[in-house]
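The data block below is protein_39.txt; it holds compact mmCIF, C-alpha atoms and all ligand atoms.
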```
# COMPACT_ATOMS: atom_id res chain seq x y z
CA MET A 277 24.65 14.89 10.06
CA GLN A 278 25.69 11.36 10.99
CA ILE A 279 23.48 8.40 10.04
CA THR A 280 23.33 6.70 13.45
CA ALA A 281 20.46 4.40 12.42
CA ASN A 282 22.72 2.12 10.30
CA ASN A 283 24.89 0.94 13.21
CA PRO A 284 25.10 -2.87 12.80
CA ALA A 285 25.41 -3.29 16.58
CA LEU A 286 21.92 -1.87 17.20
CA ARG A 287 19.26 -4.24 18.47
CA SER A 288 15.57 -3.56 18.94
CA TRP A 289 13.46 -4.36 22.00
CA ILE A 290 10.82 -5.43 19.49
CA ASN A 291 11.19 -9.04 18.48
CA VAL A 292 12.67 -9.20 14.97
CA GLU A 293 13.54 -12.56 13.42
CA ALA A 294 17.21 -12.87 12.43
CA SER A 295 16.14 -13.58 8.86
CA SER A 296 13.87 -10.50 8.65
CA GLU A 297 14.38 -8.00 5.83
CA PHE A 298 13.20 -5.27 8.22
CA PRO A 299 15.70 -5.13 11.11
CA ILE A 300 16.24 -1.90 13.06
CA GLN A 301 18.91 -0.92 10.49
CA ASN A 302 16.31 -0.68 7.70
CA LEU A 303 13.28 1.36 8.89
CA PRO A 304 11.62 1.99 5.50
CA PHE A 305 8.69 4.40 5.14
CA GLY A 306 5.26 3.62 3.71
CA ILE A 307 1.56 4.48 3.79
CA PHE A 308 -0.78 2.09 5.58
CA GLU A 309 -4.36 1.89 6.75
CA THR A 310 -6.22 -0.36 9.18
CA ALA A 311 -9.85 -1.24 9.79
CA GLN A 312 -9.90 1.51 12.45
CA SER A 313 -7.85 4.26 10.82
CA GLY A 314 -7.39 6.00 7.48
CA LYS A 315 -4.12 6.30 5.59
CA ARG A 316 -1.06 7.47 7.48
CA VAL A 317 2.72 7.24 7.48
CA GLY A 318 4.29 4.14 8.98
CA VAL A 319 7.77 2.71 9.44
CA ARG A 320 8.33 -1.03 9.20
CA ILE A 321 10.21 -2.93 11.93
CA GLY A 322 10.12 -6.73 11.79
CA GLU A 323 6.49 -7.81 11.61
CA HIS A 324 5.22 -4.46 12.92
CA VAL A 325 4.38 -1.04 11.55
CA LEU A 326 5.11 1.99 13.70
CA ASP A 327 2.39 4.65 13.37
CA LEU A 328 4.31 7.92 13.06
CA SER A 329 1.26 10.12 13.50
CA LEU A 330 0.70 8.58 16.95
CA MET A 331 4.41 8.87 17.77
CA ALA A 332 4.26 12.56 16.80
CA SER A 333 1.19 13.01 19.02
CA PHE A 334 3.22 11.58 21.95
CA GLY A 335 5.72 14.42 21.32
CA TYR A 336 8.68 12.30 20.21
CA PHE A 337 9.38 14.44 17.12
CA ASP A 338 8.61 17.92 18.50
CA ASP A 339 12.23 19.09 18.51
CA LEU A 340 12.66 17.80 14.93
CA HIS A 341 9.86 20.10 13.72
CA PHE A 342 7.64 17.27 12.48
CA THR A 343 3.97 17.45 13.49
CA VAL A 344 1.07 14.99 13.47
CA ALA A 345 -0.11 16.64 10.26
CA ASP A 346 3.07 15.53 8.45
CA PHE A 347 2.14 11.88 9.06
CA ASN A 348 -1.65 11.89 9.04
CA GLN A 349 -1.54 11.84 5.24
CA ASP A 350 -2.44 9.75 2.19
CA PHE A 351 1.13 10.05 0.83
CA LEU A 352 4.71 10.49 2.05
CA ASN A 353 5.15 13.77 0.14
CA PRO A 354 4.36 16.22 3.01
CA MET A 355 6.90 14.43 5.24
CA MET A 356 9.46 14.36 2.41
CA ARG A 357 9.15 18.12 1.89
CA HIS A 358 11.19 18.54 5.08
CA GLY A 359 14.20 17.39 3.03
CA LYS A 360 17.07 14.94 3.29
CA LEU A 361 18.61 16.04 6.60
CA ALA A 362 15.27 16.25 8.41
CA ILE A 363 14.34 12.75 7.23
CA ARG A 364 17.77 11.52 8.36
CA ALA A 365 17.19 13.03 11.82
CA LEU A 366 13.71 11.48 11.94
CA ARG A 367 15.03 8.01 11.03
CA ASN A 368 17.80 8.37 13.61
CA ARG A 369 15.17 9.25 16.23
CA ILE A 370 12.93 6.30 15.32
CA SER A 371 15.99 4.05 15.55
CA GLU A 372 16.68 5.34 19.09
CA LEU A 373 13.07 4.87 20.20
CA LEU A 374 13.11 1.26 18.99
CA SER A 375 16.58 0.32 20.23
CA THR A 376 17.25 -1.65 23.42
CA ASP A 377 19.48 1.19 24.68
CA HIS A 378 16.60 3.65 25.03
CA THR A 379 13.73 3.31 27.45
CA SER A 380 11.39 6.26 26.78
CA PHE A 381 9.04 4.45 24.40
CA GLN A 382 10.02 0.95 25.50
CA ASN A 383 8.97 1.59 29.12
CA ASN A 384 5.72 3.31 28.20
CA PRO A 385 3.38 0.40 27.45
CA THR A 386 0.34 2.69 27.19
CA GLN A 387 1.93 3.97 23.97
CA HIS A 388 2.59 0.55 22.46
CA HIS A 389 -0.62 0.66 20.41
CA ALA A 390 1.49 2.74 17.97
CA LEU A 391 3.01 -0.62 17.00
CA ILE A 392 0.60 -2.48 14.76
CA SER A 393 0.98 -6.02 13.44
CA VAL A 394 1.54 -6.18 9.67
CA GLN A 395 -1.34 -8.68 9.63
CA GLU A 396 -3.71 -5.83 10.51
CA VAL A 397 -2.56 -3.26 7.95
CA LYS A 398 -3.23 -2.73 4.29
CA MET A 399 -0.46 -1.00 2.37
CA ALA A 400 -1.22 1.76 -0.13
CA MET A 401 0.58 3.83 -2.79
CA PRO A 402 3.42 5.41 -0.81
CA VAL A 403 4.05 8.49 -2.91
CA GLN A 404 1.98 10.92 -4.95
CA ILE A 405 4.06 10.74 -8.09
CA GLY A 406 4.19 13.94 -10.10
CA ASP A 407 6.36 12.78 -12.97
CA TYR A 408 7.71 9.37 -13.87
CA THR A 409 10.85 8.97 -15.96
CA ASP A 410 12.18 5.62 -17.13
CA PHE A 411 15.82 5.07 -18.01
CA TYR A 412 17.40 2.33 -20.11
CA SER A 413 20.62 1.93 -18.18
CA SER A 414 21.53 -1.77 -18.28
CA LYS A 415 24.13 -2.42 -20.95
CA GLU A 416 23.27 -6.11 -20.99
CA HIS A 417 19.55 -5.38 -21.50
CA ALA A 418 20.12 -2.75 -24.21
CA THR A 419 22.55 -5.11 -25.95
CA ASN A 420 20.14 -8.06 -25.81
CA VAL A 421 17.30 -5.96 -27.23
CA GLY A 422 19.59 -4.58 -29.94
CA VAL A 423 20.72 -8.09 -30.91
CA MET A 424 17.12 -9.32 -31.11
CA PHE A 425 15.54 -6.41 -32.95
CA ARG A 426 18.27 -4.61 -34.86
CA ASP A 427 21.77 -5.72 -35.64
CA PRO A 428 23.87 -8.14 -33.57
CA ALA A 429 27.05 -6.48 -34.85
CA ASN A 430 25.90 -3.03 -33.72
CA ALA A 431 23.57 -3.92 -30.89
CA LEU A 432 24.08 -0.71 -28.91
CA LEU A 433 23.02 2.48 -30.66
CA PRO A 434 25.90 5.00 -30.99
CA ASN A 435 24.54 7.33 -28.29
CA TRP A 436 24.05 4.63 -25.63
CA LEU A 437 27.57 4.75 -24.15
CA TRP A 438 27.43 8.55 -23.96
CA ILE A 439 23.91 9.28 -22.70
CA PRO A 440 21.92 7.70 -19.85
CA VAL A 441 19.04 7.18 -22.29
CA GLY A 442 15.56 7.73 -20.86
CA TYR A 443 12.03 8.80 -21.70
CA HIS A 444 9.10 10.41 -19.92
CA GLY A 445 6.66 7.77 -18.71
CA ARG A 446 3.20 8.20 -17.26
CA ALA A 447 2.54 8.67 -13.53
CA SER A 448 -1.24 8.04 -13.53
CA SER A 449 -0.87 4.29 -14.10
CA VAL A 450 1.84 3.62 -11.51
CA ILE A 451 0.13 1.31 -9.01
CA PRO A 452 1.08 -0.34 -5.71
CA SER A 453 1.96 -3.98 -5.14
CA GLU A 454 -1.05 -6.33 -4.89
CA GLN A 455 -3.13 -4.30 -7.38
CA ALA A 456 -3.96 -6.46 -10.40
CA VAL A 457 -3.07 -5.47 -13.96
CA VAL A 458 -5.51 -5.86 -16.86
CA ARG A 459 -4.14 -7.17 -20.15
CA PRO A 460 -4.11 -4.17 -22.52
CA LYS A 461 -5.60 -3.99 -25.99
CA GLY A 462 -4.09 -2.10 -28.88
CA GLN A 463 -2.63 -2.25 -32.37
CA ILE A 464 -0.43 -5.23 -33.07
CA LYS A 465 1.05 -6.59 -36.29
CA PRO A 466 1.38 -10.37 -35.92
CA ASP A 467 2.08 -10.79 -39.65
CA ASP A 468 4.89 -8.65 -41.05
CA ASN A 469 3.33 -8.81 -44.50
CA ALA A 470 -0.21 -7.83 -43.47
CA ASP A 471 -1.91 -4.76 -42.01
CA PRO A 472 -1.98 -4.29 -38.25
CA ILE A 473 -4.97 -5.56 -36.25
CA PHE A 474 -6.71 -4.38 -33.08
CA ALA A 475 -6.52 -7.05 -30.39
CA ALA A 476 -5.51 -7.84 -26.84
CA SER A 477 -1.74 -7.94 -26.51
CA ARG A 478 -0.33 -11.46 -26.82
CA GLN A 479 3.11 -10.59 -25.46
CA ILE A 480 2.77 -9.20 -21.94
CA ASP A 481 6.11 -8.96 -20.19
CA PHE A 482 7.56 -7.74 -16.92
CA GLU A 483 10.62 -5.52 -16.61
CA LEU A 484 12.70 -6.00 -13.46
CA GLU A 485 13.63 -2.50 -12.36
CA MET A 486 14.30 -0.43 -9.29
CA GLY A 487 12.78 3.02 -8.86
CA PHE A 488 14.06 5.97 -6.91
CA ILE A 489 11.95 8.76 -5.41
CA THR A 490 13.21 12.32 -5.36
CA PHE A 491 13.04 15.10 -2.83
CA GLU A 492 12.16 18.57 -4.10
CA GLY A 493 14.89 19.44 -6.63
CA LYS A 494 16.19 22.78 -7.79
CA ALA A 495 14.27 25.53 -9.57
CA LEU A 496 13.67 25.29 -13.31
CA GLY A 497 16.84 26.28 -15.15
CA HIS A 498 19.25 24.85 -12.56
CA SER A 499 21.11 21.53 -12.74
CA ILE A 500 21.88 18.92 -10.10
CA SER A 501 25.48 17.67 -10.30
CA THR A 502 26.55 14.06 -9.78
CA SER A 503 28.10 15.10 -6.44
CA GLU A 504 24.80 16.64 -5.30
CA ALA A 505 22.47 14.00 -6.74
CA GLU A 506 22.20 11.71 -3.71
CA ASP A 507 21.08 14.66 -1.56
CA PHE A 508 17.95 14.74 -3.73
CA ILE A 509 17.14 11.02 -3.51
CA PHE A 510 14.75 9.96 -0.74
CA GLY A 511 14.75 6.22 -1.30
CA LEU A 512 14.25 3.22 -3.54
CA CYS A 513 11.54 0.68 -4.35
CA LEU A 514 11.14 -2.42 -6.49
CA PHE A 515 9.53 -1.64 -9.79
CA ASN A 516 7.84 -3.83 -12.41
CA ASP A 517 7.49 -1.80 -15.59
CA TRP A 518 4.85 -3.93 -17.35
CA SER A 519 5.32 -3.99 -21.13
CA ALA A 520 3.31 -5.19 -24.14
CA ARG A 521 6.03 -6.27 -26.56
CA ASP A 522 3.80 -6.67 -29.63
CA ILE A 523 2.29 -3.19 -29.18
CA GLN A 524 5.77 -1.83 -28.51
CA LYS A 525 7.27 -3.37 -31.65
CA TRP A 526 4.70 -1.73 -33.93
CA GLU A 527 4.48 1.71 -32.27
CA TYR A 528 7.93 2.58 -30.98
CA VAL A 529 9.44 4.20 -34.10
CA PRO A 530 9.95 7.17 -34.21
CA LEU A 531 9.08 8.52 -30.73
CA GLY A 532 9.63 5.53 -28.47
CA PRO A 533 7.26 3.56 -26.26
CA PHE A 534 3.73 4.83 -25.66
CA LEU A 535 0.73 2.52 -25.12
CA ALA A 536 3.01 -0.52 -24.76
CA LYS A 537 4.25 0.88 -21.45
CA ASN A 538 1.65 3.17 -19.91
CA PHE A 539 -1.09 0.66 -19.03
CA ALA A 540 0.56 -0.19 -15.69
CA SER A 541 3.81 -0.04 -13.72
CA SER A 542 3.84 -1.65 -10.27
CA MET A 543 5.91 -0.48 -7.30
CA SER A 544 6.65 -2.02 -3.91
CA CYS A 545 5.08 -0.21 -0.95
CA TRP A 546 8.01 0.24 1.46
CA ILE A 547 10.47 2.96 0.40
CA VAL A 548 13.94 2.02 1.68
CA THR A 549 15.86 5.23 2.27
CA LEU A 550 19.08 5.85 0.38
CA ASP A 551 20.59 6.44 3.84
CA ALA A 552 19.78 2.83 4.85
CA LEU A 553 21.51 1.57 1.69
CA GLN A 554 24.83 3.37 2.33
CA PRO A 555 26.59 0.24 3.73
CA PHE A 556 25.87 -1.44 0.39
CA ALA A 557 27.29 1.24 -1.90
CA CYS A 558 29.70 -0.25 -4.44
CA PRO A 559 31.63 0.79 -7.57
CA THR A 560 29.84 1.38 -10.86
CA PRO A 561 31.03 -0.84 -13.76
CA ALA A 562 33.89 0.70 -15.78
CA GLN A 563 32.62 3.19 -18.35
CA ASP A 564 34.39 3.21 -21.71
CA PRO A 565 34.54 5.65 -23.50
CA SER A 566 35.06 7.95 -20.55
CA VAL A 567 31.95 10.04 -20.03
CA LEU A 568 31.51 13.78 -20.53
CA SER A 569 32.48 15.95 -17.57
CA TYR A 570 28.96 16.49 -16.21
CA LEU A 571 28.52 12.69 -15.93
CA GLN A 572 31.80 12.05 -14.13
CA PHE A 573 31.47 11.17 -10.46
CA ALA A 574 33.53 10.24 -7.41
CA GLY A 575 33.01 7.43 -4.92
CA ASN A 576 30.76 4.41 -4.81
CA LYS A 577 27.43 5.37 -6.40
CA SER A 578 26.05 1.94 -7.30
CA TYR A 579 24.32 -0.38 -4.82
CA ASP A 580 24.64 -4.12 -4.26
CA ILE A 581 20.99 -5.19 -4.17
CA HIS A 582 20.09 -8.82 -4.90
CA LEU A 583 16.99 -9.10 -7.06
CA GLU A 584 14.81 -11.97 -8.16
CA VAL A 585 11.68 -12.50 -10.22
CA ALA A 586 9.20 -15.34 -9.78
CA ILE A 587 6.07 -16.37 -11.65
CA GLU A 588 3.18 -17.88 -9.69
CA ALA A 589 0.02 -19.37 -11.23
CA PRO A 590 -3.17 -20.97 -9.93
CA THR A 591 -1.57 -24.33 -10.77
CA PHE A 592 1.91 -23.83 -9.24
CA PRO A 593 3.62 -21.85 -6.45
CA ALA A 594 6.13 -19.03 -7.02
CA HIS A 595 8.84 -20.24 -9.42
CA ILE A 596 12.00 -18.14 -9.78
CA VAL A 597 12.81 -17.24 -13.39
CA SER A 598 15.60 -14.70 -12.85
CA LYS A 599 18.19 -13.57 -10.30
CA SER A 600 19.89 -10.26 -10.99
CA ASN A 601 21.55 -7.41 -9.11
CA PHE A 602 21.11 -3.63 -9.16
CA LYS A 603 24.91 -3.22 -9.21
CA TYR A 604 25.06 -4.39 -12.84
CA MET A 605 23.64 -1.06 -14.07
CA TYR A 606 26.04 0.75 -16.39
CA TRP A 607 24.72 4.21 -15.44
CA ASN A 608 24.18 4.94 -11.74
CA MET A 609 21.37 7.01 -10.19
CA SER A 610 23.60 10.05 -9.66
CA GLN A 611 24.45 10.10 -13.36
CA GLN A 612 20.80 9.63 -14.29
CA LEU A 613 19.70 12.56 -12.12
CA ALA A 614 22.59 14.76 -13.32
CA HIS A 615 21.69 13.99 -16.92
CA HIS A 616 17.97 14.53 -16.32
CA THR A 617 18.59 18.04 -14.96
CA VAL A 618 21.62 19.11 -17.02
CA ASN A 619 19.35 21.08 -19.36
CA GLY A 620 17.68 22.80 -16.40
CA CYS A 621 14.70 20.42 -16.19
CA ASN A 622 13.30 20.58 -12.65
CA VAL A 623 12.48 17.48 -10.62
CA ARG A 624 9.95 17.74 -7.82
CA CYS A 625 9.17 16.09 -4.50
CA GLY A 626 7.77 12.64 -5.24
CA ASP A 627 9.04 12.15 -8.79
CA LEU A 628 9.78 8.54 -9.71
CA MET A 629 12.79 7.46 -11.78
CA GLY A 630 12.88 3.91 -13.10
CA SER A 631 16.30 2.36 -13.64
CA GLY A 632 15.40 0.50 -16.81
CA THR A 633 15.34 -3.29 -17.00
CA ILE A 634 18.14 -4.75 -14.90
CA SER A 635 19.73 -7.62 -16.79
CA GLY A 636 22.88 -9.36 -15.64
CA PRO A 637 25.54 -10.97 -17.80
CA THR A 638 24.06 -14.49 -17.94
CA PRO A 639 20.69 -15.78 -19.23
CA ASP A 640 19.55 -16.68 -15.68
CA SER A 641 19.98 -13.02 -14.70
CA TYR A 642 17.98 -11.39 -17.50
CA GLY A 643 15.30 -8.96 -16.34
CA SER A 644 12.46 -9.60 -18.82
CA MET A 645 10.72 -12.58 -20.41
CA LEU A 646 11.65 -11.11 -23.79
CA GLU A 647 15.28 -11.89 -22.96
CA ILE A 648 14.82 -14.98 -20.76
CA ALA A 649 12.78 -16.74 -23.47
CA TRP A 650 14.79 -14.93 -26.16
CA LYS A 651 11.93 -13.50 -28.22
CA GLY A 652 9.89 -16.65 -27.65
CA THR A 653 12.50 -19.03 -29.08
CA LYS A 654 13.50 -20.51 -25.68
CA PRO A 655 10.29 -21.09 -23.72
CA VAL A 656 10.71 -21.47 -19.96
CA GLN A 657 9.44 -24.63 -18.24
CA MET A 658 7.08 -24.12 -15.31
CA PRO A 659 6.57 -26.58 -12.41
CA ASP A 660 3.17 -27.75 -13.75
CA GLY A 661 4.66 -28.78 -17.10
CA THR A 662 3.44 -25.71 -18.99
CA GLU A 663 5.84 -23.24 -20.56
CA ARG A 664 6.04 -19.46 -20.72
CA ARG A 665 7.24 -17.18 -23.48
CA PHE A 666 5.43 -14.23 -21.95
CA ILE A 667 3.03 -13.76 -19.01
CA GLN A 668 -0.34 -15.52 -19.19
CA ASP A 669 -3.70 -14.44 -17.80
CA HIS A 670 -3.96 -15.18 -14.03
CA ASP A 671 -0.17 -15.45 -13.65
CA THR A 672 1.25 -13.41 -10.77
CA VAL A 673 4.68 -11.80 -11.13
CA ILE A 674 6.61 -11.36 -7.88
CA MET A 675 9.82 -9.35 -7.57
CA ARG A 676 11.90 -9.33 -4.41
CA GLY A 677 15.09 -7.50 -3.44
CA TYR A 678 17.48 -7.28 -0.50
CA CYS A 679 20.99 -6.31 0.55
CA GLU A 680 22.99 -8.47 2.93
CA GLN A 681 26.14 -7.86 4.96
CA ASN A 682 27.46 -9.34 8.21
CA GLY A 683 24.22 -11.20 8.80
CA ILE A 684 22.07 -8.07 8.43
CA LYS A 685 19.51 -8.10 5.66
CA ILE A 686 17.99 -4.85 4.39
CA GLY A 687 15.03 -5.78 2.22
CA PHE A 688 12.36 -4.18 0.08
CA GLY A 689 9.67 -6.80 0.59
CA GLU A 690 8.05 -7.50 -2.75
CA VAL A 691 6.15 -6.08 -5.67
CA LYS A 692 3.52 -8.61 -6.60
CA SER A 693 0.79 -8.28 -9.22
CA GLN A 694 -1.54 -10.60 -11.04
CA LEU A 695 -2.34 -10.28 -14.74
CA LEU A 696 -6.07 -10.38 -15.45
CA PRO A 697 -7.67 -11.09 -18.86
CA ALA A 698 -8.40 -8.14 -21.15
CA ASN A 699 -11.62 -6.23 -20.47
CA CA A 701 11.16 0.11 -18.56
```
Would you mind giving the structure from this file in structure tokens?
Ligand code: CA
Amino acid sequence: MQITANNPALRSWINVEASSEFPIQNLPFGIFETAQSGKRVGVRIGEHVLDLSLMASFGYFDDLHFTVADFNQDFLNPMMRHGKLAIRALRNRISELLSTDHTSFQNNPTQHHALISVQEVKMAMPVQIGDYTDFYSSKEHATNVGVMFRDPANALLPNWLWIPVGYHGRASSVIPSEQAVVRPKGQIKPDDNADPIFAASRQIDFELEMGFITFEGKALGHSISTSEAEDFIFGLCLFNDWSARDIQKWEYVPLGPFLAKNFASSMSCWIVTLDALQPFACPTPAQDPSVLSYLQFAGNKSYDIHLEVAIEAPTFPAHIVSKSNFKYMYWNMSQQLAHHTVNGCNVRCGDLMGSGTISGPTPDSYGSMLEIAWKGTKPVQMPDGTERRFIQDHDTVIMRGYCEQNGIKIGFGEVKSQLLPAN
């Protein structure tokens, strides 16, 4: 089925600023509520949210086999269970209804209350996440961490260039943008020559990541190939995988991160479909040594998505500390999903896969404070004269992301969360 919704010539009869990240070519899905109504599925266009449950009640999706019940929901999962092609048809239909070329919805002003100003909505967790997996797929990030904590001469572990390394995270503490994060407590070992202590973490960090959300995968025991992988990806979000570096340093051998990572991970609320990102597909960086057969792939499977991180505090406005790009990732999403399922592990509708920290090649493109301030040795100056090695209480971390081509910007909005003092 053709993706007609990406046509750059399309224009909407709804006023959308030229600089908007949500033109008619984007149409991301999310869950919203208003003072009058409970949670339901919406699609963003400019500064409006289109209420899909109302649109379904007007009959616009009858022939696509979507009903009001698919959209009158707390999460996107019931809608997503219709699968990739049905969601593509739905997005194509929404694009038609909002485009200047079609009059059915446009000329029916009694139905225009299905368009709600973003000022009147509150966004919520978009997806009921069953399982959350986090990868470690940026070569620059893995190298920087290896240089800092192990051996500069052998920064990458021997398996890294062969395996899209990942671990199973925790879904219960994945939270939406705008929800605050409480500084975690745990075991830390500030003095290498003394016993560990129990205290609030002193090294809270962000990790600049993107997440992807899966459709229902295959049955247990069956693998998804790299050529099939994108058929199982619904869309992407911005993802801040909060980390407590001091807890991590003490606990992570031998089984990897645990309490250093599972106190909170924040995601942006609009899920941009993989379909909408197709114009921004680009080559994956060269992989040497050449990968095993099940990880080989054809075509452009990486995506050119500009990313930035800012820190905001009560004493200064948002200050950018990093600019990176999703295209730097050594392993692409198709390889990650193929690897995840190569042993027969089943993924389910609404699973979340984190990319791993996205660091670029230069210090101004690193994706964590650990790297930007280089283990605390290069503190970063803030506009109020203070400096940061890690994130301080009452700081707010803001991540933004967008693609841009021929004057059309496809954006993710932001994932924004404030760090509160330990309980
Ligand atoms: Ca991570």
Can you work out which residues are within 9 Å of ligand CA 701 (chain A), considering only C-alpha atoms and all ligand atoms, and then hand them over as a VMD selection string?
chain A and resid 410 to 412 445 482 to 485 516 to 519 537 541 630 to 633
Per-residue nearest contacts of segment 335-450 of chain A to segment 570-592 of chain A (12 Å; all atoms listed in the file) as a Markdown table:
```
| residue | atom | partner | partner_atom | distance |
| --- | --- | --- | --- | --- |
| A:Leu437 | CA | A:Leu571 | CA | 11.5 |
| A:Trp438 | CA | A:Leu571 | CA | 9.1 |
| A:Ile439 | CA | A:Leu571 | CA | 8.9 |
| A:Pro440 | CA | A:Leu571 | CA | 9.2 |
```
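Taking atom CA of Asn291 of chain A as the reference point, atom CA of Phe342 of chain A is found at 27.2 Å.
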Using only C-alpha atoms, which of the listed residues (A:Met356, A:Leu553, A:Ala470, A:Val423) sits closest to Lys685 of chain A?
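Answer, going by the shortest atom-to-atom distance: A:Leu553.
Atom CA of Val325 of chain A sits 8.0 Å away from atom CA of Ala390 of chain A.
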Atom-to-atom span, atom CA of Arg478 of chain A and atom CA of Leu432 of chain A, Å:
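Going from atom CA of Arg478 of chain A over to atom CA of Leu432 of chain A, I get 26.8 Å.
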Nearest to Lys494 of chain A by atom-to-atom distance, counting only C-alpha atoms, from A:Asn348, A:Asn622, A:Ser296, A:Thr343
A:Asn622
Residue neighbourhood segment 359-369 of chain A, 7 Å, only C-alpha atoms, exclusion window fewer than 6 positions, as a tab-separated table (two decimals) with C-alpha atoms, keeping the file's coordinate frame:
```
chain	number	residue	atom	x	y	z
A	279	ILE	CA	23.48	8.40	10.04
A	280	THR	CA	23.33	6.70	13.45
A	281	ALA	CA	20.46	4.40	12.42
A	491	PHE	CA	13.04	15.10	-2.83
A	507	ASP	CA	21.08	14.66	-1.56
A	510	PHE	CA	14.75	9.96	-0.74
```
Given the choices A:Val421, A:His615, A:Ile686, A:Ser503, which gets closest to Gln554 of chain A if the distance is worked out from all atoms listed in the file?
A:Ile686
Pick out the residues sitting within 9 Å of Trp289 of chain A, and hand them over as a JSON list (two decimals) with C-alpha atoms, in the coordinates of the input; count all atoms listed in the file, and ignore anything fewer than 6 positions along from it in its own chain.
```
[["chain", "number", "residue", "atom", "x", "y", "z"],
["A", 374, "LEU", "CA", 13.11, 1.26, 18.99],
["A", 375, "SER", "CA", 16.58, 0.32, 20.23],
["A", 376, "THR", "CA", 17.25, -1.65, 23.42],
["A", 377, "ASP", "CA", 19.48, 1.19, 24.68],
["A", 382, "GLN", "CA", 10.02, 0.95, 25.50]]
```
For Ser453 of chain A, which residue among A:Asn619, A:Gln612, A:Ser544, A:Asn430 is the nearest when counting all atoms listed in the file?
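Closest candidate: A:Ser544.
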